[in-house]
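Engineer: Here you go, one structure.
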Amino acid sequence: MYKCNEITDKLAKAIDYALKRVDERTVGLLERARAEETNRRAIWALDQILENDRIAAESDCYPCQDTGIAMLFVTLGSEATFDGDLAAALEEGVRRGYAEARKSIADPLTRVNTRDNTPAVVYHDVVKGDKLGVSFLAKGAGSENMGGVRMLTPSKGRQGIIDAVVGVVGEAGANPCPPVLLGVGVGGTMDKACVLSKRALLRPCGQAHSDPSVAALEADILSAVNALGIGVQGLGGNHTALACAVETCPTHIGSLPVAVTIQCHSVRHAEIIF
Amino acid sequence: MEIIRIDNAYDVTALKAGDAVEFSGTVYTARDAAHKRMTEAADKGEPLPFELEGAAIYYAGPTPARENEIIGSCGPTTSARMDDYTPRMLELGLRIMIGKGKRGNAVIEAIKAHKAVYLIAVGGAAALIKSRITACEEIAYPDLGCEAVRRLTVDRLPLLVAIDSRGCSILKA
C-alpha cells in the first residue's frame with residue numbers, strides 16, 4: 001500500500017529540484033548548437049543561455065522566472081492501493097514543490113491568482129499491476145501560448161504533417177524563446193493529438209522514436225523547421241529547434257489531427273517512480 | 001560584437017537595430033496586468049506609480065526573492081502581450097521597452113512616432129539577469145504578486161536593439 005504523505009514528500013522534492021536546473025540532455029544540445037552556429041547574434045544569445053544554465057545549477061536557483069504550470073502524467077497500476085486520497089497527495093506535492101517558485105496560476109476569467117501554483121494539469125494512464133509513476137513537466141506560458149493544432153484531411157499525408165508543424169513554428173517566430181523542442185502528436189482526436197504532443201516531450205530530449213519511419217518524420221520536421229531561419233531568440237541562424245519528438249496514435253478514417261507543443265530551451269522535468 | 005554602454009540618459013535615437021548594448025540604470029517591471037491598470041489610471045486622470053516620461057520598462061515578473069537576496073530569477077516575458085497597451089504607454093512618455101519576442105505593427109508605428117526603442121533580453125536567461133540586478137523595490141500593485149511594479153537598478157544588463165527608433169527590426173519573424 002502506498003502512503004500518501006510519502007507520495008507528497010517525494011513529488012515535492014522532485015519538483016523543487018527539477019525547477020532549479022535545465023535538463024542535462026537539453027544543455028548538451030545547446031552546447032552542440034553553440035559549437036555549430038555561425039550567426040553572431042545567435043551566438044550572443046546562446047552564450048548567455050549556457051552561462052545562465054550554469055549559474056542556475058551552481059547556485060540552486062531557477063534558470064527561468066516562469067516556473068510554469070505543473071503537468072503531471074500519472075501511470076497508475078490498477079492493483080495499487082493507497083492509505084488516503086491520491087489526487088490530494090499529488091496536489092499537495094505540487095503545492096510544496098512550488099513553495100519557493102513563482103505562483104503563475106490564475107482563474108481564466110477573473111485572473112485572480114490561486115497563490116500556490118495549483119491546480120496542476122493531470123493525466124492518468126491506468127496499467128496492469130501495482131506500479132505508480134509520475135512524469136512532471138513545468139510548462140511555461142511563453143512557449144505554451146504558441147502551440148497549435150491542425151485538423152488535416154487524410155489526403156494531406158506526411159508532407160501535410162510537416163507543413164502544419166512548420167506553419168505553427170513559423171507563426172510563433174521569436175516568441176516561444178527559441179531554440180525550442182517540438183512535441184508533435186499525430187492521430188487520435190483533436191484532444192488526443194494535443195496530449196500526445198505533450199507526451200512526446202517526456203521522451204529523453206533528442207532521442208529518436210523507436211519506429212524508424214516515425215524517427216525519419218521527426219528528422220524531416222526538424223530540418224524543415226530549421227530551414228525557416230528564425231534562429232535562437234528570433235535572431236537568425238540555423239537553430240530554431242533543437243529536437244523534434246513525434247508520437248502517433250490510430251485515428252478516424254476521415255481525420256488527420258496534428259498537434260504541436262512548443263517547449264522552450266529551459267526544459268525542466270522529472271520522472272518519479274514511487 | 002561591439003558592446004555599447006547605455007544608461008537612462010542615453011539618446012536612444014542613436015541606437016540601430018542589431019546593436020548590442022549593456023544597460024545600467026533604472027528600469028520598472030510591468031507585465032500585462034500592470035499595463036492594464038496604468039493605462040486605465042491614465043485614462044481617468046489618476047496618478048501613475050512612476051513617471052513615464054523617458055522611462056524604461058522591463059517586461060518581467062520575478063520568482064520570489066529568498067532570504068538575503070535582492071530579487072529572484074528575473075528574465076524577460078513575451079512582449080507581444082503588452083502590445084495592446086504599448087501605443088498608449090509610448091504616448092505617455094515611455095521610451096525604452098525591454099522584453100523578448102516580436103511586436104505588432106501598431107507598436108512599431110508608435111515606436112517610430114515617439115522615437116522610442118525596443119530592446120530584447122535573452123528569454124530564459126533569468127538567473128544570469130538576476131546577477132545583474134543590484135536593487136529592487138516594489139512600488140505599486142502588491143496584490144498582483146510577481147506582476148507588481150518594481151523599480152530595479154541594473155548593472156550592465158545585456159540586451160540587443162530589436163526595433164530602433166526608425167522602426168527597423170532585426171527579428172526574423
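Each chain in the C-alpha cells gets a letter, A, B and so on, in the order shown; residues start at 1 in every chain, and ligands are counted from 1 in the order they appear.
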Give me, as CSV, each residue of chain A that comes within 7 Å of chain B, together with its shortest interatomic pair and the distance in Å at one decimal, counting only C-alpha atoms, with rows ordered by chain and rising residue number.
Structural biologist:
```
residue,atom,partner,partner_atom,distance
A:Ala45,CA,B:Val122,CA,6.1
A:Gln48,CA,B:Ala125,CA,6.6
A:Ile49,CA,B:Ala125,CA,5.6
A:Asn52,CA,B:Leu128,CA,4.8
A:Ile55,CA,B:Ala127,CA,6.4
A:Ala56,CA,B:Ala127,CA,5.8
A:Cys61,CA,B:Ala127,CA,6.9
A:Tyr62,CA,B:Ser73,CA,5.9
A:Pro63,CA,B:Ala127,CA,5.2
A:Cys64,CA,B:Ala126,CA,4.8
A:Gln65,CA,B:Ser73,CA,5.0
A:Glu100,CA,B:Pro64,CA,6.6
A:Ala101,CA,B:Thr63,CA,5.7
A:Arg102,CA,B:Thr63,CA,4.6
A:Gly142,CA,B:Thr78,CA,6.1
A:Gly173,CA,B:Ala173,CA,4.8
A:Ala174,CA,B:Gly101,CA,4.6
A:Asn175,CA,B:Gly101,CA,4.3
A:Cys177,CA,B:Gly123,CA,5.5
A:Ile230,CA,B:Lys172,CA,5.2
A:Gln233,CA,B:Val122,CA,7.0
A:Gly234,CA,B:Leu171,CA,5.3
A:Leu235,CA,B:Leu171,CA,5.6
A:Gly236,CA,B:Lys172,CA,6.1
A:Ser266,CA,B:Gly124,CA,6.3
```
Engineer: Can you list, as a JSON list (two decimals) with all heavy atoms, in the first residue's frame, all residues belonging to region 27-168 of chain B that DSSP tags as strand (DSSP E or B)?
Structural biologist:
```
[["chain", "number", "residue", "atom", "x", "y", "z"],
["B", 27, "VAL", "N", 15.12, 50.57, -14.28],
["B", 27, "VAL", "CA", 14.01, 50.06, -15.10],
["B", 27, "VAL", "C", 12.86, 49.71, -14.16],
["B", 27, "VAL", "O", 13.07, 49.39, -12.99],
["B", 27, "VAL", "CB", 14.41, 48.82, -15.93],
["B", 27, "VAL", "CG1", 15.53, 49.13, -16.91],
["B", 27, "VAL", "CG2", 14.81, 47.64, -15.04],
["B", 28, "TYR", "N", 11.65, 49.79, -14.68],
["B", 28, "TYR", "CA", 10.47, 49.41, -13.91],
["B", 28, "TYR", "C", 9.89, 48.13, -14.49],
["B", 28, "TYR", "O", 9.73, 48.03, -15.72],
["B", 28, "TYR", "CB", 9.42, 50.52, -13.96],
["B", 28, "TYR", "CG", 9.87, 51.78, -13.29],
["B", 28, "TYR", "CD1", 10.54, 52.77, -14.01],
["B", 28, "TYR", "CD2", 9.67, 51.98, -11.92],
["B", 28, "TYR", "CE1", 10.99, 53.94, -13.39],
["B", 28, "TYR", "CE2", 10.11, 53.13, -11.29],
["B", 28, "TYR", "CZ", 10.77, 54.11, -12.04],
["B", 28, "TYR", "OH", 11.21, 55.24, -11.41],
["B", 29, "THR", "N", 9.58, 47.15, -13.64],
["B", 29, "THR", "CA", 8.95, 45.93, -14.16],
["B", 29, "THR", "C", 7.46, 46.17, -14.29],
["B", 29, "THR", "O", 6.84, 46.78, -13.42],
["B", 29, "THR", "CB", 9.17, 44.71, -13.24],
["B", 29, "THR", "OG1", 8.52, 44.93, -11.98],
["B", 29, "THR", "CG2", 10.65, 44.44, -13.01],
["B", 56, "ALA", "N", 12.09, 53.60, -18.66],
["B", 56, "ALA", "CA", 12.39, 52.28, -19.23],
["B", 56, "ALA", "C", 11.55, 51.25, -18.50],
["B", 56, "ALA", "O", 11.55, 51.21, -17.26],
["B", 56, "ALA", "CB", 13.87, 51.96, -19.09],
["B", 57, "ILE", "N", 10.81, 50.43, -19.26],
["B", 57, "ILE", "CA", 10.02, 49.35, -18.65],
["B", 57, "ILE", "C", 10.60, 48.01, -19.06],
["B", 57, "ILE", "O", 10.94, 47.80, -20.23],
["B", 57, "ILE", "CB", 8.53, 49.44, -19.05],
["B", 57, "ILE", "CG1", 7.85, 50.61, -18.32],
["B", 57, "ILE", "CG2", 7.80, 48.14, -18.71],
["B", 57, "ILE", "CD1", 6.35, 50.73, -18.56],
["B", 58, "TYR", "N", 10.72, 47.14, -18.08],
["B", 58, "TYR", "CA", 11.20, 45.77, -18.31],
["B", 58, "TYR", "C", 10.02, 44.84, -18.11],
["B", 58, "TYR", "O", 9.42, 44.82, -17.03],
["B", 58, "TYR", "CB", 12.33, 45.48, -17.31],
["B", 58, "TYR", "CG", 12.93, 44.09, -17.39],
["B", 58, "TYR", "CD1", 12.96, 43.36, -18.59],
["B", 58, "TYR", "CD2", 13.50, 43.49, -16.27],
["B", 58, "TYR", "CE1", 13.53, 42.10, -18.65],
["B", 58, "TYR", "CE2", 14.07, 42.23, -16.31],
["B", 58, "TYR", "CZ", 14.08, 41.53, -17.51],
["B", 58, "TYR", "OH", 14.64, 40.28, -17.56],
["B", 78, "THR", "N", 7.12, 37.54, -22.66],
["B", 78, "THR", "CA", 6.78, 37.80, -24.07],
["B", 78, "THR", "C", 6.16, 39.19, -24.24],
["B", 78, "THR", "O", 5.08, 39.47, -23.72],
["B", 78, "THR", "CB", 5.79, 36.72, -24.57],
["B", 78, "THR", "OG1", 6.34, 35.44, -24.28],
["B", 78, "THR", "CG2", 5.56, 36.85, -26.07],
["B", 96, "ILE", "N", 11.90, 53.40, -23.42],
["B", 96, "ILE", "CA", 12.67, 52.16, -23.58],
["B", 96, "ILE", "C", 11.82, 50.99, -23.11],
["B", 96, "ILE", "O", 11.28, 51.01, -21.99],
["B", 96, "ILE", "CB", 13.98, 52.22, -22.77],
["B", 96, "ILE", "CG1", 14.88, 53.37, -23.26],
["B", 96, "ILE", "CG2", 14.72, 50.88, -22.83],
["B", 96, "ILE", "CD1", 16.14, 53.57, -22.43],
["B", 97, "MET", "N", 11.66, 50.00, -23.98],
["B", 97, "MET", "CA", 10.97, 48.77, -23.60],
["B", 97, "MET", "C", 11.95, 47.62, -23.69],
["B", 97, "MET", "O", 12.70, 47.52, -24.66],
["B", 97, "MET", "CB", 9.80, 48.51, -24.55],
["B", 97, "MET", "CG", 8.72, 49.57, -24.46],
["B", 97, "MET", "SD", 7.63, 49.51, -25.89],
["B", 97, "MET", "CE", 8.66, 50.30, -27.13],
["B", 98, "ILE", "N", 11.93, 46.77, -22.66],
["B", 98, "ILE", "CA", 12.82, 45.61, -22.65],
["B", 98, "ILE", "C", 11.97, 44.36, -22.47],
["B", 98, "ILE", "O", 11.18, 44.27, -21.52],
["B", 98, "ILE", "CB", 13.85, 45.71, -21.50],
["B", 98, "ILE", "CG1", 14.65, 47.01, -21.61],
["B", 98, "ILE", "CG2", 14.77, 44.49, -21.48],
["B", 98, "ILE", "CD1", 15.50, 47.33, -20.39],
["B", 99, "GLY", "N", 12.10, 43.42, -23.39],
["B", 99, "GLY", "CA", 11.32, 42.19, -23.30],
["B", 99, "GLY", "C", 11.92, 41.12, -24.17],
["B", 99, "GLY", "O", 13.13, 41.07, -24.36],
["B", 100, "LYS", "N", 11.06, 40.26, -24.69],
["B", 100, "LYS", "CA", 11.52, 39.24, -25.64],
["B", 100, "LYS", "C", 10.45, 39.02, -26.69],
["B", 100, "LYS", "O", 9.27, 39.20, -26.42],
["B", 100, "LYS", "CB", 11.84, 37.92, -24.92],
["B", 100, "LYS", "CG", 10.61, 37.19, -24.41],
["B", 100, "LYS", "CD", 10.95, 35.78, -23.97],
["B", 100, "LYS", "CE", 9.74, 35.08, -23.37],
["B", 100, "LYS", "NZ", 8.91, 34.40, -24.37],
["B", 117, "VAL", "N", 12.53, 52.95, -28.33],
["B", 117, "VAL", "CA", 13.35, 51.81, -28.74],
["B", 117, "VAL", "C", 12.86, 50.56, -28.01],
["B", 117, "VAL", "O", 12.39, 50.63, -26.88],
["B", 117, "VAL", "CB", 14.85, 52.10, -28.47],
["B", 117, "VAL", "CG1", 15.15, 52.16, -26.97],
["B", 117, "VAL", "CG2", 15.75, 51.09, -29.13],
["B", 118, "TYR", "N", 12.94, 49.43, -28.73],
["B", 118, "TYR", "CA", 12.58, 48.14, -28.14],
["B", 118, "TYR", "C", 13.83, 47.27, -28.08],
["B", 118, "TYR", "O", 14.44, 46.97, -29.11],
["B", 118, "TYR", "CB", 11.47, 47.48, -28.97],
["B", 118, "TYR", "CG", 11.18, 46.03, -28.60],
["B", 118, "TYR", "CD1", 10.92, 45.67, -27.27],
["B", 118, "TYR", "CD2", 11.17, 45.02, -29.56],
["B", 118, "TYR", "CE1", 10.66, 44.35, -26.93],
["B", 118, "TYR", "CE2", 10.91, 43.70, -29.23],
["B", 118, "TYR", "CZ", 10.66, 43.37, -27.91],
["B", 118, "TYR", "OH", 10.40, 42.06, -27.57],
["B", 119, "LEU", "N", 14.21, 46.92, -26.86],
["B", 119, "LEU", "CA", 15.40, 46.11, -26.64],
["B", 119, "LEU", "C", 14.98, 44.71, -26.21],
["B", 119, "LEU", "O", 13.96, 44.55, -25.53],
["B", 119, "LEU", "CB", 16.26, 46.73, -25.53],
["B", 119, "LEU", "CG", 16.59, 48.23, -25.67],
["B", 119, "LEU", "CD1", 17.28, 48.73, -24.40],
["B", 119, "LEU", "CD2", 17.48, 48.46, -26.87],
["B", 120, "ILE", "N", 15.76, 43.71, -26.59],
["B", 120, "ILE", "CA", 15.43, 42.36, -26.11],
["B", 120, "ILE", "C", 16.54, 41.82, -25.23],
["B", 120, "ILE", "O", 17.73, 41.98, -25.49],
["B", 120, "ILE", "CB", 15.15, 41.36, -27.27],
["B", 120, "ILE", "CG1", 16.26, 41.35, -28.31],
["B", 120, "ILE", "CG2", 13.80, 41.65, -27.91],
["B", 120, "ILE", "CD1", 16.14, 40.21, -29.31],
["B", 133, "ILE", "N", 21.16, 42.53, -11.30],
["B", 133, "ILE", "CA", 20.22, 43.45, -10.62],
["B", 133, "ILE", "C", 20.79, 43.78, -9.24],
["B", 133, "ILE", "O", 21.05, 42.88, -8.43],
["B", 133, "ILE", "CB", 18.82, 42.81, -10.51],
["B", 133, "ILE", "CG1", 18.26, 42.54, -11.93],
["B", 133, "ILE", "CG2", 17.86, 43.72, -9.71],
["B", 133, "ILE", "CD1", 16.99, 41.72, -11.97],
["B", 134, "THR", "N", 20.99, 45.08, -9.00],
["B", 134, "THR", "CA", 21.67, 45.48, -7.76],
["B", 134, "THR", "C", 20.71, 46.06, -6.72],
["B", 134, "THR", "O", 21.08, 46.23, -5.57],
["B", 134, "THR", "CB", 22.78, 46.50, -8.05],
["B", 134, "THR", "OG1", 22.19, 47.62, -8.73],
["B", 134, "THR", "CG2", 23.85, 45.90, -8.95],
["B", 135, "ALA", "N", 19.48, 46.40, -7.13],
["B", 135, "ALA", "CA", 18.49, 46.89, -6.16],
["B", 135, "ALA", "C", 17.10, 46.62, -6.69],
["B", 135, "ALA", "O", 16.87, 46.59, -7.91],
["B", 135, "ALA", "CB", 18.67, 48.39, -5.91],
["B", 136, "CYS", "N", 16.15, 46.41, -5.77],
["B", 136, "CYS", "CA", 14.77, 46.12, -6.17],
["B", 136, "CYS", "C", 13.84, 46.65, -5.09],
["B", 136, "CYS", "O", 14.04, 46.41, -3.90],
["B", 136, "CYS", "CB", 14.58, 44.62, -6.31],
["B", 136, "CYS", "SG", 12.85, 44.13, -6.48],
["B", 137, "GLU", "N", 12.84, 47.42, -5.53],
["B", 137, "GLU", "CA", 11.84, 47.93, -4.59],
["B", 137, "GLU", "C", 10.46, 47.80, -5.23],
["B", 137, "GLU", "O", 10.26, 48.25, -6.37],
["B", 137, "GLU", "CB", 12.14, 49.40, -4.28],
["B", 137, "GLU", "CG", 11.26, 49.98, -3.20],
["B", 137, "GLU", "CD", 11.36, 51.51, -3.11],
["B", 137, "GLU", "OE1", 12.22, 52.11, -3.81],
["B", 137, "GLU", "OE2", 10.56, 52.10, -2.37],
["B", 138, "GLU", "N", 9.54, 47.17, -4.51],
["B", 138, "GLU", "CA", 8.18, 47.05, -5.02],
["B", 138, "GLU", "C", 7.49, 48.39, -4.81],
["B", 138, "GLU", "O", 7.46, 48.90, -3.70],
["B", 138, "GLU", "CB", 7.46, 45.95, -4.24],
["B", 138, "GLU", "CG", 6.12, 45.57, -4.83],
["B", 138, "GLU", "CD", 5.51, 44.37, -4.10],
["B", 138, "GLU", "OE1", 5.97, 43.25, -4.31],
["B", 138, "GLU", "OE2", 4.57, 44.60, -3.31],
["B", 139, "ILE", "N", 6.95, 49.00, -5.89],
["B", 139, "ILE", "CA", 6.39, 50.34, -5.72],
["B", 139, "ILE", "C", 4.89, 50.44, -6.00],
["B", 139, "ILE", "O", 4.27, 51.45, -5.67],
["B", 139, "ILE", "CB", 7.14, 51.39, -6.60],
["B", 139, "ILE", "CG1", 7.01, 51.06, -8.09],
["B", 139, "ILE", "CG2", 8.60, 51.52, -6.19],
["B", 139, "ILE", "CD1", 7.35, 52.24, -8.98],
["B", 140, "ALA", "N", 4.28, 49.43, -6.60],
["B", 140, "ALA", "CA", 2.84, 49.52, -6.85],
["B", 140, "ALA", "C", 2.21, 48.15, -7.12],
["B", 140, "ALA", "O", 2.90, 47.22, -7.52],
["B", 140, "ALA", "CB", 2.57, 50.42, -8.06],
["B", 149, "VAL", "N", 4.50, 46.20, -9.77],
["B", 149, "VAL", "CA", 5.51, 47.08, -10.39],
["B", 149, "VAL", "C", 6.68, 47.22, -9.42],
["B", 149, "VAL", "O", 6.50, 47.53, -8.24],
["B", 149, "VAL", "CB", 4.91, 48.46, -10.72],
["B", 149, "VAL", "CG1", 6.00, 49.42, -11.18],
["B", 149, "VAL", "CG2", 3.84, 48.32, -11.80],
["B", 150, "ARG", "N", 7.89, 46.96, -9.93],
["B", 150, "ARG", "CA", 9.10, 47.07, -9.12],
["B", 150, "ARG", "C", 10.08, 48.02, -9.80],
["B", 150, "ARG", "O", 10.19, 48.04, -11.02],
["B", 150, "ARG", "CB", 9.78, 45.70, -8.96],
["B", 150, "ARG", "CG", 8.96, 44.73, -8.13],
["B", 150, "ARG", "CD", 9.59, 43.33, -8.12],
["B", 150, "ARG", "NE", 8.89, 42.46, -7.18],
["B", 150, "ARG", "CZ", 7.78, 41.80, -7.46],
["B", 150, "ARG", "NH1", 7.22, 41.90, -8.65],
["B", 150, "ARG", "NH2", 7.19, 41.04, -6.55],
["B", 151, "ARG", "N", 10.78, 48.79, -8.98],
["B", 151, "ARG", "CA", 11.86, 49.64, -9.50],
["B", 151, "ARG", "C", 13.17, 48.86, -9.33],
["B", 151, "ARG", "O", 13.52, 48.50, -8.20],
["B", 151, "ARG", "CB", 11.94, 50.97, -8.75],
["B", 151, "ARG", "CG", 13.01, 51.92, -9.31],
["B", 151, "ARG", "CD", 13.27, 53.12, -8.42],
["B", 151, "ARG", "NE", 12.12, 54.00, -8.33],
["B", 151, "ARG", "CZ", 11.42, 54.24, -7.22],
["B", 151, "ARG", "NH1", 11.77, 53.66, -6.08],
["B", 151, "ARG", "NH2", 10.39, 55.04, -7.24],
["B", 152, "LEU", "N", 13.83, 48.59, -10.43],
["B", 152, "LEU", "CA", 15.08, 47.84, -10.38],
["B", 152, "LEU", "C", 16.25, 48.73, -10.76],
["B", 152, "LEU", "O", 16.13, 49.56, -11.66],
["B", 152, "LEU", "CB", 15.07, 46.65, -11.37],
["B", 152, "LEU", "CG", 13.93, 45.64, -11.33],
["B", 152, "LEU", "CD1", 14.21, 44.53, -12.34],
["B", 152, "LEU", "CD2", 13.76, 45.07, -9.93],
["B", 153, "THR", "N", 17.36, 48.53, -10.09],
["B", 153, "THR", "CA", 18.61, 49.11, -10.56],
["B", 153, "THR", "C", 19.40, 47.97, -11.17],
["B", 153, "THR", "O", 19.57, 46.92, -10.53],
["B", 153, "THR", "CB", 19.40, 49.73, -9.38],
["B", 153, "THR", "OG1", 18.52, 50.59, -8.66],
["B", 153, "THR", "CG2", 20.59, 50.52, -9.88],
["B", 154, "VAL", "N", 19.80, 48.17, -12.43],
["B", 154, "VAL", "CA", 20.53, 47.10, -13.11],
["B", 154, "VAL", "C", 21.92, 47.58, -13.49],
["B", 154, "VAL", "O", 22.14, 48.76, -13.74],
["B", 154, "VAL", "CB", 19.77, 46.59, -14.37],
["B", 154, "VAL", "CG1", 18.43, 46.01, -13.98],
["B", 154, "VAL", "CG2", 19.59, 47.70, -15.40],
["B", 155, "ASP", "N", 22.85, 46.62, -13.53],
["B", 155, "ASP", "CA", 24.23, 46.93, -13.87],
["B", 155, "ASP", "C", 24.64, 46.07, -15.05],
["B", 155, "ASP", "O", 24.70, 44.85, -14.94],
["B", 155, "ASP", "CB", 25.11, 46.65, -12.65],
["B", 155, "ASP", "CG", 26.58, 46.93, -12.95],
["B", 155, "ASP", "OD1", 26.88, 47.94, -13.61],
["B", 155, "ASP", "OD2", 27.44, 46.12, -12.53],
["B", 156, "ARG", "N", 24.86, 46.68, -16.20],
["B", 156, "ARG", "CA", 25.31, 46.00, -17.41],
["B", 156, "ARG", "C", 24.37, 44.86, -17.83],
["B", 156, "ARG", "O", 24.77, 43.73, -18.02],
["B", 156, "ARG", "CB", 26.74, 45.49, -17.26],
["B", 156, "ARG", "CG", 27.76, 46.64, -17.08],
["B", 156, "ARG", "CD", 29.19, 46.14, -17.03],
["B", 156, "ARG", "NE", 29.38, 45.13, -15.99],
["B", 156, "ARG", "CZ", 29.59, 43.85, -16.20],
["B", 156, "ARG", "NH1", 29.68, 43.38, -17.42],
["B", 156, "ARG", "NH2", 29.76, 43.03, -15.20],
["B", 157, "LEU", "N", 23.10, 45.19, -17.97],
["B", 157, "LEU", "CA", 22.12, 44.23, -18.46],
["B", 157, "LEU", "C", 22.37, 44.00, -19.96],
["B", 157, "LEU", "O", 22.33, 44.95, -20.73],
["B", 157, "LEU", "CB", 20.72, 44.82, -18.23],
["B", 157, "LEU", "CG", 19.51, 43.91, -18.33],
["B", 157, "LEU", "CD1", 19.56, 42.81, -17.28],
["B", 157, "LEU", "CD2", 18.23, 44.73, -18.16],
["B", 158, "PRO", "N", 22.65, 42.74, -20.36],
["B", 158, "PRO", "CA", 22.98, 42.50, -21.77],
["B", 158, "PRO", "C", 21.73, 42.45, -22.66],
["B", 158, "PRO", "O", 20.85, 41.62, -22.45],
["B", 158, "PRO", "CB", 23.69, 41.14, -21.75],
["B", 158, "PRO", "CG", 23.25, 40.47, -20.50],
["B", 158, "PRO", "CD", 22.76, 41.52, -19.54],
["B", 159, "LEU", "N", 21.67, 43.34, -23.65],
["B", 159, "LEU", "CA", 20.48, 43.48, -24.49],
["B", 159, "LEU", "C", 20.88, 43.68, -25.95],
["B", 159, "LEU", "O", 22.01, 44.06, -26.25],
["B", 159, "LEU", "CB", 19.67, 44.70, -24.03],
["B", 159, "LEU", "CG", 19.31, 44.76, -22.54],
["B", 159, "LEU", "CD1", 18.82, 46.16, -22.17],
["B", 159, "LEU", "CD2", 18.25, 43.74, -22.20],
["B", 160, "LEU", "N", 19.90, 43.44, -26.83],
["B", 160, "LEU", "CA", 20.09, 43.77, -28.25],
["B", 160, "LEU", "C", 19.00, 44.74, -28.66],
["B", 160, "LEU", "O", 17.86, 44.62, -28.20],
["B", 160, "LEU", "CB", 19.94, 42.52, -29.12],
["B", 160, "LEU", "CG", 21.13, 41.63, -29.46],
["B", 160, "LEU", "CD1", 20.68, 40.58, -30.46],
["B", 160, "LEU", "CD2", 22.29, 42.41, -30.03],
["B", 161, "VAL", "N", 19.33, 45.67, -29.55],
["B", 161, "VAL", "CA", 18.31, 46.57, -30.08],
["B", 161, "VAL", "C", 17.52, 45.78, -31.13],
["B", 161, "VAL", "O", 18.04, 45.45, -32.19],
["B", 161, "VAL", "CB", 18.94, 47.83, -30.71],
["B", 161, "VAL", "CG1", 17.85, 48.73, -31.27],
["B", 161, "VAL", "CG2", 19.79, 48.56, -29.70],
["B", 162, "ALA", "N", 16.26, 45.45, -30.80],
["B", 162, "ALA", "CA", 15.45, 44.64, -31.73],
["B", 162, "ALA", "C", 14.70, 45.54, -32.70],
["B", 162, "ALA", "O", 14.60, 45.26, -33.88],
["B", 162, "ALA", "CB", 14.47, 43.78, -30.95],
["B", 163, "ILE", "N", 14.15, 46.65, -32.20],
["B", 163, "ILE", "CA", 13.47, 47.63, -33.06],
["B", 163, "ILE", "C", 13.99, 49.01, -32.67],
["B", 163, "ILE", "O", 13.89, 49.41, -31.51],
["B", 163, "ILE", "CB", 11.93, 47.58, -32.89],
["B", 163, "ILE", "CG1", 11.41, 46.16, -33.17],
["B", 163, "ILE", "CG2", 11.25, 48.59, -33.83],
["B", 163, "ILE", "CD1", 9.93, 45.96, -32.84]]
```
Engineer: Between A:Glu218, A:Glu58, A:Asp85, A:Glu247, single out the one closest to Lys198 (chain A), counting only C-alpha atoms.
Structural biologist: A:Glu247
Engineer: Select, from A:Ala216, A:Ile221, A:Val180, A:Ala89, the residue with the minimum atom-to-atom distance to Gln263 (chain A), counting only C-alpha atoms.
Structural biologist: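 Answer, going by the shortest atom-to-atom distance: A:Val180.
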Engineer: Pick from A:Asp16, A:Glu92, A:Glu24, A:Asp163: nearest to Arg54 (chain A), with only C-alpha atoms counted?
Structural biologist: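 Residue with the minimum atom-to-atom distance to Arg54 (chain A): A:Glu24.
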Engineer: Report, in Å with one decimal, the straight-line distance from CA of His239 (chain A) to CA of Thr261 (chain A).
Structural biologist: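 Result for CA of His239 (chain A) versus CA of Thr261 (chain A): 17.3 Å, one decimal.
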Engineer: Among chain B, which residues does DSSP mark as alpha helix (DSSP H) when it is run on the backbone? Keep the chain and numbering as in the structure and answer as an MDAnalysis selection string.
Structural biologist: chainID B and resid 32:43 86:91 105:113 126:130
Engineer: Which of these, A:Leu50, A:Cys4, A:Ile105, A:Val169, has the shortest distance to Asp66 (chain A) once you count only C-alpha atoms?
Structural biologist: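 Comparing A:Leu50, A:Cys4, A:Ile105, A:Val169 against Asp66 (chain A), the winner is A:Ile105.
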Engineer: Return the single residue from A:Val121, A:Ala219, A:Val225, A:Ala12 that is closest to Val195 (chain A), with distances computed using only C-alpha atoms.
Structural biologist: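 Going through A:Val121, A:Ala219, A:Val225, A:Ala12 one by one, the smallest distance to Val195 (chain A) is for A:Val121.
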Engineer: Excluding Leu202 (chain A) and any residue of its chain fewer than 4 positions from it, enumerate the residues within 8 Å of it, using only C-alpha atoms, and give them as a list of chain:residue names.
Structural biologist: A:Ser135, A:Leu137, A:Lys198, A:His269
Engineer: Could you save the residues just selected, with all heavy atoms, as a tab-separated table (two decimals), in the first residue's frame?
Structural biologist:
```
chain	number	residue	atom	x	y	z
A	135	SER	N	5.37	11.51	-14.26
A	135	SER	CA	6.27	12.37	-15.03
A	135	SER	C	5.81	13.80	-14.82
A	135	SER	O	4.63	14.11	-15.03
A	135	SER	CB	6.22	12.03	-16.51
A	135	SER	OG	6.69	10.74	-16.72
A	137	LEU	N	6.25	17.84	-15.73
A	137	LEU	CA	6.74	18.77	-16.75
A	137	LEU	C	6.30	20.18	-16.32
A	137	LEU	O	5.12	20.40	-16.05
A	137	LEU	CB	6.12	18.41	-18.10
A	137	LEU	CG	6.53	19.19	-19.34
A	137	LEU	CD1	7.99	18.99	-19.69
A	137	LEU	CD2	5.67	18.75	-20.55
A	198	LYS	N	2.24	16.55	-25.88
A	198	LYS	CA	2.87	16.75	-24.57
A	198	LYS	C	3.66	15.51	-24.18
A	198	LYS	O	4.80	15.60	-23.71
A	198	LYS	CB	1.81	17.03	-23.50
A	198	LYS	CG	1.14	18.40	-23.58
A	198	LYS	CD	2.07	19.48	-23.13
A	198	LYS	CE	1.42	20.85	-23.05
A	198	LYS	NZ	0.72	21.30	-24.23
A	269	HIS	N	11.98	18.99	-16.14
A	269	HIS	CA	11.05	17.88	-15.91
A	269	HIS	C	11.65	16.86	-14.96
A	269	HIS	O	12.84	16.92	-14.64
A	269	HIS	CB	10.62	17.24	-17.23
A	269	HIS	CG	11.73	16.60	-17.99
A	269	HIS	ND1	12.26	15.39	-17.63
A	269	HIS	CD2	12.42	17.01	-19.07
A	269	HIS	CE1	13.22	15.07	-18.48
A	269	HIS	NE2	13.36	16.04	-19.35
```
Engineer: Applying 12 Å and only C-alpha atoms, which residues near Cys205 (chain A) remain after dropping the ones on its own chain fewer than 2 positions away? List them as number ranges by chain.
Structural biologist: A: 22-30, 180-183, 199-203, 207-209, 241-246, 263, 265-269
Engineer: What's around Gly187 (chain A) at 6 Å? Count only C-alpha atoms, leave out sequence neighbours fewer than 5 positions away in its own chain, and write the answer as a list of chain:residue names.
Structural biologist: A:Ala193, A:Thr248, A:Cys249, A:Pro250, A:Thr251, A:Leu256, A:Pro257
Engineer: Excluding Asp83 (chain B) and any residue of its chain fewer than 5 positions from it, enumerate the residues within 8 Å of it, using only C-alpha atoms, and give them as a PyMOL selection string.
Structural biologist: chain B and resi 103-104+106-107
